[in-house]
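Structure file my_file_18.cif (mmCIF, C-alpha atoms) follows.
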data_protein
loop_
_atom_site.label_atom_id
_atom_site.label_comp_id
_atom_site.auth_asym_id
_atom_site.auth_seq_id
_atom_site.Cartn_x
_atom_site.Cartn_y
_atom_site.Cartn_z
CA MET D 1 25.46 12.60 13.47
CA VAL D 2 21.93 12.20 14.81
CA ASP D 3 21.48 12.30 18.58
CA PHE D 4 19.23 9.73 20.33
CA ASP D 5 19.16 7.40 23.31
CA PRO D 6 20.68 4.08 22.12
CA ALA D 7 18.68 2.21 24.79
CA ILE D 8 15.56 2.44 22.62
CA ILE D 9 17.06 0.28 19.87
CA ASN D 10 15.54 -3.21 19.60
CA LYS D 11 13.37 -2.69 22.68
CA THR D 12 9.81 -3.84 21.92
CA PHE D 13 7.51 -0.95 22.72
CA GLU D 14 4.16 -2.40 21.75
CA THR D 15 2.47 -5.71 20.98
CA THR D 16 -1.02 -5.70 19.50
CA GLU D 17 -3.98 -7.88 20.36
CA PRO D 18 -4.42 -10.84 17.96
CA VAL D 19 -6.25 -9.94 14.76
CA PRO D 20 -8.27 -12.76 13.14
CA VAL D 21 -7.74 -13.41 9.44
CA SER D 22 -11.03 -14.34 7.83
CA ARG D 23 -11.44 -15.83 4.35
CA ASP D 24 -13.61 -12.80 3.56
CA ARG D 25 -10.88 -10.35 4.54
CA ILE D 26 -8.44 -12.08 2.19
CA ALA D 27 -11.06 -12.01 -0.58
CA LYS D 28 -11.65 -8.26 -0.13
CA PHE D 29 -7.93 -7.59 -0.21
CA CYS D 30 -7.58 -9.60 -3.44
CA GLU D 31 -10.49 -7.72 -5.01
CA ALA D 32 -8.98 -4.33 -4.13
CA ILE D 33 -5.68 -5.10 -5.86
CA GLY D 34 -7.13 -7.04 -8.81
CA GLU D 35 -5.66 -10.34 -7.64
CA THR D 36 -6.92 -13.42 -9.50
CA ASN D 37 -4.20 -16.01 -8.79
CA PRO D 38 -6.07 -19.21 -7.73
CA LEU D 39 -3.56 -19.73 -4.93
CA PHE D 40 -5.09 -16.69 -3.23
CA THR D 41 -8.65 -16.72 -4.55
CA ASP D 42 -9.89 -20.21 -5.42
CA ASP D 43 -10.60 -22.53 -2.48
CA GLU D 44 -10.94 -25.64 -4.64
CA GLY D 45 -8.02 -24.86 -6.95
CA ALA D 46 -5.70 -23.95 -4.09
CA LYS D 47 -6.27 -27.34 -2.44
CA LYS D 48 -4.14 -28.89 -5.20
CA GLY D 49 -1.44 -26.26 -4.73
CA PRO D 50 1.69 -26.25 -2.55
CA TYR D 51 -0.10 -25.00 0.58
CA GLY D 52 -3.11 -27.33 0.52
CA GLY D 53 -5.55 -24.40 0.52
CA VAL D 54 -5.92 -20.71 -0.02
CA ILE D 55 -3.28 -18.44 1.49
CA ALA D 56 -3.16 -14.64 1.59
CA PRO D 57 -1.05 -12.83 -1.02
CA PRO D 58 2.36 -11.99 0.53
CA SER D 59 1.60 -8.25 0.67
CA PHE D 60 -1.42 -8.97 2.91
CA ALA D 61 1.15 -8.93 5.73
CA THR D 62 1.34 -5.14 5.43
CA THR D 63 -2.37 -4.68 6.17
CA PHE D 64 -2.13 -5.33 9.91
CA ARG D 65 -2.31 -2.11 11.79
CA ASN D 66 0.22 -1.11 14.34
CA GLY D 67 -0.88 -0.63 17.93
CA ARG D 68 -2.70 2.48 19.15
CA HIS D 69 0.45 3.90 20.72
CA PHE D 70 2.73 3.08 17.80
CA PHE D 71 3.37 6.65 16.63
CA GLU D 72 4.07 7.86 20.15
CA HIS D 73 7.15 5.65 20.07
CA VAL D 74 8.44 6.65 16.65
CA PRO D 75 11.17 9.20 17.39
CA ARG D 76 10.81 12.43 15.42
CA PHE D 77 13.56 14.71 14.30
CA GLY D 78 12.34 18.10 13.17
CA ARG D 79 9.39 18.39 10.88
CA ARG D 80 6.72 15.72 10.50
CA GLY D 81 8.10 12.49 9.14
CA PHE D 82 6.65 10.58 6.23
CA ASP D 83 6.59 7.00 5.04
CA ALA D 84 9.65 6.56 2.85
CA GLY D 85 9.24 2.86 2.18
CA LYS D 86 9.13 -0.64 3.58
CA ASP D 87 11.28 -3.74 3.60
CA VAL D 88 9.29 -6.90 4.11
CA GLU D 89 10.61 -10.37 4.77
CA PHE D 90 7.97 -13.00 4.07
CA VAL D 91 8.73 -15.91 6.40
CA ALA D 92 5.61 -18.08 6.28
CA PRO D 93 2.21 -17.88 4.59
CA ILE D 94 -0.78 -16.28 6.30
CA ARG D 95 -3.89 -18.46 6.11
CA PRO D 96 -7.59 -17.99 6.79
CA GLY D 97 -8.19 -18.70 10.47
CA ASP D 98 -4.84 -17.33 11.58
CA GLU D 99 -4.66 -14.77 14.35
CA ILE D 100 -1.85 -12.28 13.88
CA THR D 101 -0.09 -10.12 16.45
CA LEU D 102 2.49 -7.39 15.75
CA SER D 103 5.38 -6.50 18.02
CA SER D 104 7.27 -3.34 17.20
CA ALA D 105 10.66 -1.90 18.12
CA VAL D 106 12.95 0.84 16.83
CA LYS D 107 15.48 -1.03 14.70
CA GLU D 108 17.74 1.73 13.53
CA ILE D 109 18.14 5.52 13.31
CA TYR D 110 20.54 7.07 10.82
CA ASP D 111 21.03 10.24 8.86
CA LYS D 112 21.84 10.80 5.25
CA THR D 113 22.72 13.94 3.34
CA GLY D 114 21.56 14.26 -0.23
CA ARG D 115 21.01 17.04 -2.76
CA SER D 116 17.96 18.24 -0.83
CA GLY D 117 19.78 18.39 2.53
CA THR D 118 19.99 16.16 5.57
CA MET D 119 17.37 13.53 6.26
CA VAL D 120 16.99 11.39 9.37
CA PHE D 121 15.59 7.90 8.87
CA VAL D 122 13.87 6.01 11.67
CA VAL D 123 13.35 2.32 10.97
CA ILE D 124 10.69 0.51 13.00
CA ARG D 125 10.64 -3.26 12.79
CA SER D 126 7.30 -4.95 13.25
CA THR D 127 7.35 -8.71 13.69
CA LEU D 128 4.15 -10.58 12.82
CA ARG D 129 3.38 -13.85 14.56
CA ASN D 130 0.50 -16.24 14.16
CA GLN D 131 -1.48 -17.98 16.91
CA GLN D 132 1.22 -20.66 17.21
CA GLY D 133 3.84 -18.02 17.89
CA GLU D 134 5.46 -18.62 14.51
CA ILE D 135 6.93 -15.59 12.79
CA VAL D 136 5.13 -14.99 9.50
CA ALA D 137 6.82 -11.72 8.48
CA HIS D 138 9.14 -8.92 9.47
CA ILE D 139 8.24 -5.45 8.24
CA ASP D 140 10.73 -2.60 8.45
CA HIS D 141 8.95 0.76 8.14
CA ARG D 142 11.26 3.60 7.07
CA PHE D 143 10.16 7.05 8.23
CA MET D 144 12.01 10.06 6.88
CA ASN D 145 12.33 13.32 8.83
CA ARG D 146 13.90 16.62 7.86
CA PRO D 147 15.63 18.24 10.84
CA MET R 1 10.27 -22.41 -14.97
CA LYS R 2 13.03 -23.57 -12.64
CA PHE R 3 15.93 -21.64 -11.13
CA ALA R 4 18.20 -22.76 -13.98
CA ASP R 5 15.89 -20.99 -16.45
CA VAL R 6 16.23 -17.61 -14.72
CA GLN R 7 18.55 -15.28 -16.62
CA ILE R 8 20.06 -12.00 -15.44
CA GLY R 9 18.60 -9.19 -17.54
CA SER R 10 15.32 -10.95 -18.30
CA ALA R 11 12.37 -8.57 -18.19
CA ILE R 12 9.29 -8.92 -16.00
CA GLY R 13 6.28 -7.14 -17.43
CA PRO R 14 5.65 -4.46 -18.49
CA GLU R 15 2.08 -4.61 -17.20
CA GLU R 16 -0.22 -1.63 -17.68
CA ILE R 17 -2.96 -1.10 -15.13
CA PHE R 18 -5.52 1.59 -14.52
CA ILE R 19 -6.26 2.21 -10.85
CA SER R 20 -9.49 4.14 -10.34
CA LYS R 21 -10.39 6.33 -7.40
CA ASP R 22 -13.09 3.83 -6.45
CA GLN R 23 -10.57 1.00 -6.37
CA THR R 24 -8.27 3.13 -4.22
CA ARG R 25 -11.15 3.87 -1.83
CA MET R 26 -12.01 0.16 -1.73
CA TYR R 27 -8.44 -0.70 -0.75
CA ALA R 28 -8.32 2.09 1.85
CA ARG R 29 -11.67 1.18 3.41
CA SER R 30 -11.04 -2.55 3.47
CA ASN R 31 -7.80 -1.84 5.33
CA HIS R 32 -9.28 0.75 7.71
CA LEU R 33 -7.19 3.58 6.26
CA ASP R 34 -9.45 6.53 6.90
CA ALA R 35 -7.06 9.39 6.03
CA ALA R 36 -8.71 11.77 3.57
CA ARG R 37 -5.73 11.65 1.20
CA PHE R 38 -6.74 8.09 0.30
CA THR R 39 -10.44 8.72 -0.16
CA ASP R 40 -11.17 12.22 -1.40
CA ASP R 41 -9.52 14.89 -3.55
CA GLU R 42 -10.47 17.86 -1.41
CA GLY R 43 -9.12 16.29 1.76
CA ALA R 44 -5.89 15.42 -0.03
CA LYS R 45 -5.51 18.99 -1.31
CA LYS R 46 -5.83 20.28 2.25
CA GLU R 47 -2.74 18.19 3.00
CA GLY R 48 -0.84 19.85 0.16
CA LEU R 49 -1.23 16.97 -2.27
CA PRO R 50 -2.44 17.39 -5.86
CA GLY R 51 -5.37 15.06 -5.15
CA MET R 52 -6.09 11.57 -3.83
CA ILE R 53 -3.13 9.21 -3.64
CA LEU R 54 -2.75 5.46 -3.30
CA PRO R 55 -1.73 4.19 0.14
CA GLY R 56 1.93 3.15 0.10
CA ASN R 57 0.92 -0.40 1.00
CA MET R 58 -1.34 -0.53 -2.08
CA SER R 59 1.64 0.30 -4.31
CA LEU R 60 3.61 -2.36 -2.48
CA ALA R 61 0.77 -4.83 -3.10
CA LEU R 62 0.72 -4.03 -6.83
CA LEU R 63 4.46 -4.63 -7.10
CA THR R 64 4.09 -7.86 -5.15
CA LYS R 65 1.42 -8.96 -7.62
CA LEU R 66 3.75 -8.25 -10.54
CA VAL R 67 6.25 -10.70 -9.01
CA THR R 68 3.73 -13.36 -7.94
CA ASP R 69 2.17 -13.22 -11.44
CA TRP R 70 5.66 -13.89 -12.86
CA ILE R 71 6.15 -16.79 -10.42
CA ALA R 72 2.66 -18.12 -11.31
CA ASP R 73 2.54 -21.82 -10.39
CA ASN R 74 6.26 -22.40 -10.66
CA PRO R 75 8.15 -23.89 -7.68
CA ALA R 76 9.15 -20.57 -6.13
CA ARG R 77 8.05 -17.98 -3.60
CA MET R 78 8.80 -14.36 -2.87
CA VAL R 79 10.88 -14.10 0.29
CA ARG R 80 11.67 -10.39 0.44
CA LEU R 81 10.51 -7.08 -0.96
CA GLY R 82 11.89 -3.63 -0.32
CA THR R 83 10.10 -0.55 -1.63
CA THR R 84 10.90 3.15 -1.75
CA TYR R 85 8.07 5.62 -2.19
CA ARG R 86 9.62 8.34 -4.36
CA VAL R 87 6.60 10.24 -5.67
CA PRO R 88 2.94 9.90 -4.56
CA VAL R 89 0.96 7.59 -6.85
CA GLN R 90 -2.32 9.11 -8.01
CA PRO R 91 -5.41 7.14 -9.06
CA ASP R 92 -7.18 7.65 -12.40
CA HIS R 93 -3.90 7.25 -14.23
CA THR R 94 -2.44 4.42 -16.23
CA LEU R 95 0.47 2.91 -14.35
CA THR R 96 3.13 0.67 -15.80
CA LEU R 97 4.68 -2.00 -13.62
CA GLN R 98 7.84 -3.68 -14.73
CA GLY R 99 11.21 -5.04 -13.71
CA PHE R 100 14.18 -7.13 -14.63
CA ILE R 101 16.37 -9.74 -13.00
CA THR R 102 19.55 -8.23 -11.63
CA ASN R 103 21.22 -11.13 -9.82
CA THR R 104 21.05 -14.85 -9.37
CA TYR R 105 22.47 -16.84 -6.45
CA PRO R 106 22.87 -20.53 -7.32
CA GLU R 107 23.88 -21.51 -3.77
CA THR R 108 20.47 -20.46 -2.42
CA LYS R 109 18.48 -20.72 -5.68
CA GLN R 110 17.46 -17.10 -5.24
CA CYS R 111 17.21 -14.26 -7.70
CA GLU R 112 16.87 -10.53 -7.22
CA ILE R 113 14.53 -8.44 -9.30
CA ASP R 114 14.48 -4.66 -9.62
CA ILE R 115 10.87 -3.55 -9.98
CA TRP R 116 9.10 -0.22 -10.28
CA ILE R 117 5.87 1.63 -10.98
CA GLU R 118 5.96 4.46 -13.47
CA ASN R 119 3.40 6.97 -14.70
CA GLU R 120 2.49 8.03 -18.24
CA GLU R 121 5.56 10.29 -18.32
CA ALA R 122 7.84 7.34 -17.52
CA GLU R 123 8.57 8.85 -14.10
CA ARG R 124 9.40 6.17 -11.54
CA LEU R 125 7.03 6.66 -8.63
CA VAL R 126 7.80 3.60 -6.54
CA THR R 127 10.90 1.46 -6.85
CA GLY R 128 11.78 -1.80 -5.21
CA THR R 129 13.81 -4.96 -5.10
CA ALA R 130 12.25 -8.39 -4.72
CA THR R 131 13.96 -11.65 -3.84
CA VAL R 132 12.46 -14.88 -5.13
CA GLU R 133 13.55 -18.31 -3.93
CA PHE R 134 13.12 -21.43 -6.05
CA SER R 135 12.78 -24.94 -4.65
CA GLN R 136 13.91 -26.53 -7.91
#
Mind turning this structure into structure tokens?
Amino acid sequence: MVDFDPAIINKTFETTEPVPVSRDRIAKFCEAIGETNPLFTDDEGAKKGPYGGVIAPPSFATTFRNGRHFFEHVPRFGRRGFDAGKDVEFVAPIRPGDEITLSSAVKEIYDKTGRSGTMVFVVIRSTLRNQQGEIVAHIDHRFMNRP
Amino acid sequence: MKFADVQIGSAIGPEEIFISKDQTRMYARSNHLDAARFTDDEGAKKEGLPGMILPGNMSLALLTKLVTDWIADNPARMVRLGTTYRVPVQPDHTLTLQGFITNTYPETKQCEIDIWIENEEAERLVTGTATVEFSQ
């Protein structure tokens, strides 16, 4: 059973400054992953689509950086942790002109014993909001530590 | 394609892609990821890696693209994606992306899709589960 202060759970430890989403930033992201879907790349074509204009690909939500003090608040157990994966809930599209802020909190800490020994997982939930305060995505970052 | 057309067991992909080191650097730089493991072999080796690797979020983006390509212009959207990074993904290799539908939920018009990235040796490097919701 992993030992930690339960008071840290769900307590927001950092909120970033708003980050503007430019059309150019979306275009560069699309280019880097080979994205050609008109919904994400073609201003004219996307106007006839379900969102009335270009939106960012869903995975664009993962490109917003956490705050400068993010890692100071990620509890560590033993050796250096590493990124074990992510769970992303896509709530609303991100559009050019949006300004996105991230708020982060420790969501969960648990241990697991597998063939390679015991691992401690720290899950940090980052909530992304646009300039209207609407939630656009939740991202759960799973960090794995070996005690 | 509507929700009624989605069948458990149906395959998505496979899609073969070649991700170059330059493309990996482009992704890393455009997302302000300045760690050497994403941009240069020597720096990556100093961290104990065999060479440059793709950022985890780039693998996540490639799997997302597999699903959004499958959705195309059908009345649906991806609502959730979970990924597990099992083995570092290296550039300058041919990667295969694929998946299959594992569950359908008529009450919410959602389906679940198991997806993964594998290397030339059919080793699964990144695995995930996507949820897609249909409006029709």
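Nearest residue to chain R, choosing from D:Val54, D:Ile26, D:Val91, D:Val19 and counting only C-alpha atoms: D:Val91.
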message: Only residues of chain R matter here; which ones have an atom within 8 Å of chain D, counting only C-alpha atoms? Give them as a list of chain:residue names.
response: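 Result: R:Gln23, R:Thr24, R:Met26, R:Tyr27, R:Ser30, R:Asn31, R:Gly56, R:Asn57, R:Met58, R:Leu60, R:Ala61, R:Leu62, R:Thr64, R:Lys65, R:Asp69, R:Ala72, R:Met78, R:Val79, R:Arg80, R:Leu81, R:Gly82, R:Thr83, R:Thr84, R:Tyr85, R:Arg86.
As for atom CA of D:Asn130 and atom CA of R:Asn74, they are spaced 26.2 Å apart.
With all atoms listed in the file as the atoms that count, the residue of D:Gly114, D:Pro147, D:Gly67, D:Pro75 with the shortest distance to D:Phe4 is D:Pro75.
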Residue members of the PyMOL selection byres ((chain R and resi 136) around 9) in the file shown, as a list in words: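 Taken on the displayed file, the PyMOL selection byres ((chain R and resi 136) around 9) yields the residues Met1, Lys2, Phe3, Ala4, Pro75, Ala76, Lys109, Phe134 and Ser135 of chain R.
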- request: Find the distance between atom CA of D:Asn66 and atom CA of R:Val126 and write it in Å to one decimal.
  value: 22.7 Å
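Note that the spacing between atom CA of R:Leu97 and atom CA of R:Glu15 amounts to 5.1 Å.
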message: Residues near R:Thr39, anyone? I mean within 6 Å using all atoms listed in the file, not counting same-chain ones fewer than 2 positions away, as a PyMOL selection string.
response: chain R and resi 25+36-37
